[in-house]
Amino acid sequence: MRFENQHAVITGGTRGLGRAMSLAFLAEGAHVHATYFTDDAAAEALREAAGEGAERLHLARFDVADHGACADFWQALKDTEVSILVANSGIRRDGIIASMSPDDWQAVLDTNLTGGFNMSKFAVLNMMRQRYGRIIFITSPAGRFGFEGQGNYGASKAGQVGLMRSLCKEVAKRKITVNCVSPGFIATELLDDLPEELVAAHKKSVPMKRFGEPEEVADAVLYLASRGASYITGSVLEVSGGL
């Protein structure tokens with residue numbers, strides 16, 4: 001029960017990687033504030049899956065790209081000491097740059113990067129009062145390698161790393177650590193729309209010759225969120241099977 005009585009905020013916390021993280025933190029005794037934007041059914045499914053931990057699960061529906069909505073969310077938590085923020089919300093709208101619409105470019109940047117800025121900004125204000133905190137951005141190898149048809153996604157993920165490295169220096173004296181976890185190809189619904197031949201090619205490119213499981217990413221996040229990771233900040237932990 002490494003996180004007993006701690007409060008963790010997990011954006012995009014009801015599906016895919018976020019769901020696995022929410023359940024993992026609940027299993028370790030945390031109060032989990034899982035945010036989501038549109039899928040009420042997934043949120044209720046998470047509550048059911050939480051079992052006895054459901055009494056420590058708090059669901060919040062809003063758009064992390066909306067600065068005002070984020071401010072309202074954190075205002076409601078003003079009397080709560082939040083120890084952990086996992087900025088996990090992310091979307092994909094793939095397309096080659098030459099034909100990508102401005103809307104698709106902006107939507108991905110707004111959710112993946114601006115959403116991380118909005119939530120970490122208010123998290124820092126909460127954590128500074130207690131002089132303790134763990135902020136973790138969920139980034140991607142796409143920000144390092146680049147993948148065809150994912151210019152917007154890759155730019156947003158590279159931006160998260162830059163944001164993390166600046167923020168970690170600003171808050172280190174307050175005993176707040178800021179890191180990234182970079183999952184490779186993980187078996188979630190984010191990959192469901194990929195053609196079979198592309199899925200096969202991606203698996204072949206992974207030295208371990210398989211996709212990761214959401215729980216394997218959650219374990220890495222739990223470590224960086226723990227008190228045992230007190231001297232790790234400004235780092236990117238790859239969970240990618242050797243990519």
# chains A, B, ... in the order shown; residues from 1 in each chain; ligands from 1
$ closest_atom_pairs --of "segment 105-169 of chain A" --to "segment 225-235 of chain A" --cutoff "9 Å" --atoms "only C-alpha atoms" --output "Markdown table"
| residue | atom | partner | partner_atom | distance |
| --- | --- | --- | --- | --- |
| A:Gly133 | CA | A:Ala225 | CA | 8.3 |
| A:Arg134 | CA | A:Ala225 | CA | 5.4 |
| A:Ile135 | CA | A:Ala225 | CA | 7.5 |
| A:Ile136 | CA | A:Ala225 | CA | 7.6 |
| A:Val161 | CA | A:Gly234 | CA | 8.7 |
| A:Met164 | CA | A:Gly234 | CA | 6.5 |
| A:Arg165 | CA | A:Gly234 | CA | 5.1 |
| A:Ser166 | CA | A:Gly234 | CA | 8.2 |
| A:Leu167 | CA | A:Gly234 | CA | 8.4 |
| A:Cys168 | CA | A:Gly234 | CA | 5.6 |
| A:Lys169 | CA | A:Gly234 | CA | 7.8 |
$ select_by_dssp --residues "segment 80-187 of chain A" --states "strand (DSSP E)" --output "PDB file with N, CA and C atoms, in the first residue's frame"
ATOM      1  N   VAL A  82      -2.822  17.062  -3.103  1.00  0.00           N
ATOM      2  CA  VAL A  82      -2.600  16.136  -4.216  1.00  0.00           C
ATOM      3  C   VAL A  82      -1.107  15.854  -4.312  1.00  0.00           C
ATOM      4  N   SER A  83      -0.744  14.585  -4.221  1.00  0.00           N
ATOM      5  CA  SER A  83       0.662  14.193  -4.254  1.00  0.00           C
ATOM      6  C   SER A  83       1.149  13.860  -5.653  1.00  0.00           C
ATOM      7  N   ILE A  84       0.226  13.440  -6.527  1.00  0.00           N
ATOM      8  CA  ILE A  84       0.623  12.855  -7.810  1.00  0.00           C
ATOM      9  C   ILE A  84      -0.272  13.376  -8.925  1.00  0.00           C
ATOM     10  N   LEU A  85       0.355  13.795 -10.018  1.00  0.00           N
ATOM     11  CA  LEU A  85      -0.358  14.075 -11.263  1.00  0.00           C
ATOM     12  C   LEU A  85       0.243  13.214 -12.359  1.00  0.00           C
ATOM     13  N   VAL A  86      -0.585  12.437 -13.036  1.00  0.00           N
ATOM     14  CA  VAL A  86      -0.168  11.717 -14.239  1.00  0.00           C
ATOM     15  C   VAL A  86      -0.907  12.352 -15.416  1.00  0.00           C
ATOM     16  N   ALA A  87      -0.166  13.083 -16.250  1.00  0.00           N
ATOM     17  CA  ALA A  87      -0.753  13.748 -17.425  1.00  0.00           C
ATOM     18  C   ALA A  87      -0.749  12.749 -18.566  1.00  0.00           C
ATOM     19  N   GLY A 133       5.686  16.454  -4.258  1.00  0.00           N
ATOM     20  CA  GLY A 133       4.833  16.100  -5.379  1.00  0.00           C
ATOM     21  C   GLY A 133       5.559  15.271  -6.416  1.00  0.00           C
ATOM     22  N   ARG A 134       4.752  14.572  -7.216  1.00  0.00           N
ATOM     23  CA  ARG A 134       5.250  13.776  -8.328  1.00  0.00           C
ATOM     24  C   ARG A 134       4.392  14.100  -9.555  1.00  0.00           C
ATOM     25  N   ILE A 135       5.028  14.596 -10.607  1.00  0.00           N
ATOM     26  CA  ILE A 135       4.341  14.881 -11.864  1.00  0.00           C
ATOM     27  C   ILE A 135       4.958  13.994 -12.940  1.00  0.00           C
ATOM     28  N   ILE A 136       4.100  13.290 -13.654  1.00  0.00           N
ATOM     29  CA  ILE A 136       4.569  12.351 -14.681  1.00  0.00           C
ATOM     30  C   ILE A 136       3.784  12.589 -15.961  1.00  0.00           C
ATOM     31  N   PHE A 137       4.491  12.891 -17.033  1.00  0.00           N
ATOM     32  CA  PHE A 137       3.879  13.038 -18.357  1.00  0.00           C
ATOM     33  C   PHE A 137       4.019  11.720 -19.112  1.00  0.00           C
ATOM     34  N   ILE A 138       2.939  11.295 -19.751  1.00  0.00           N
ATOM     35  CA  ILE A 138       3.001  10.094 -20.597  1.00  0.00           C
ATOM     36  C   ILE A 138       3.295  10.554 -22.022  1.00  0.00           C
ATOM     37  N   ILE A 176       9.476  18.542  -5.542  1.00  0.00           N
ATOM     38  CA  ILE A 176       8.548  18.041  -6.553  1.00  0.00           C
ATOM     39  C   ILE A 176       9.381  17.495  -7.706  1.00  0.00           C
ATOM     40  N   THR A 177       9.155  16.253  -8.063  1.00  0.00           N
ATOM     41  CA  THR A 177       9.865  15.674  -9.199  1.00  0.00           C
ATOM     42  C   THR A 177       8.957  15.675 -10.420  1.00  0.00           C
ATOM     43  N   VAL A 178       9.576  15.786 -11.588  1.00  0.00           N
ATOM     44  CA  VAL A 178       8.835  15.817 -12.845  1.00  0.00           C
ATOM     45  C   VAL A 178       9.566  14.918 -13.835  1.00  0.00           C
ATOM     46  N   ASN A 179       8.866  13.912 -14.342  1.00  0.00           N
ATOM     47  CA  ASN A 179       9.471  12.954 -15.258  1.00  0.00           C
ATOM     48  C   ASN A 179       8.489  12.589 -16.362  1.00  0.00           C
ATOM     49  N   CYS A 180       8.983  11.829 -17.329  1.00  0.00           N
ATOM     50  CA  CYS A 180       8.138  11.266 -18.381  1.00  0.00           C
ATOM     51  C   CYS A 180       8.254   9.758 -18.373  1.00  0.00           C
ATOM     52  N   VAL A 181       7.166   9.098 -18.694  1.00  0.00           N
ATOM     53  CA  VAL A 181       7.188   7.686 -19.057  1.00  0.00           C
ATOM     54  C   VAL A 181       6.831   7.616 -20.533  1.00  0.00           C
ATOM     55  N   SER A 182       7.644   6.884 -21.294  1.00  0.00           N
ATOM     56  CA  SER A 182       7.482   6.833 -22.745  1.00  0.00           C
ATOM     57  C   SER A 182       7.132   5.410 -23.177  1.00  0.00           C
ATOM     58  N   PRO A 183       5.826   5.099 -23.244  1.00  0.00           N
ATOM     59  CA  PRO A 183       5.441   3.756 -23.690  1.00  0.00           C
ATOM     60  C   PRO A 183       5.619   3.616 -25.200  1.00  0.00           C
TER      61      PRO A 183
END
$ residues_around --residues "segment 68-81 of chain A" --least-positions-apart "3" --cutoff "9 Å" --atoms "only C-alpha atoms" --output "VMD selection string"
chain A and resid 6 to 7 60 62 to 65 115 118 to 119 122 to 123 126 to 127 129 to 130
$ residues_around --residues "Ala200 of chain A" --least-positions-apart "6" --cutoff "10 Å" --atoms "only C-alpha atoms" --output "list in words"
Leu194, Lys209 and Arg210 of chain A
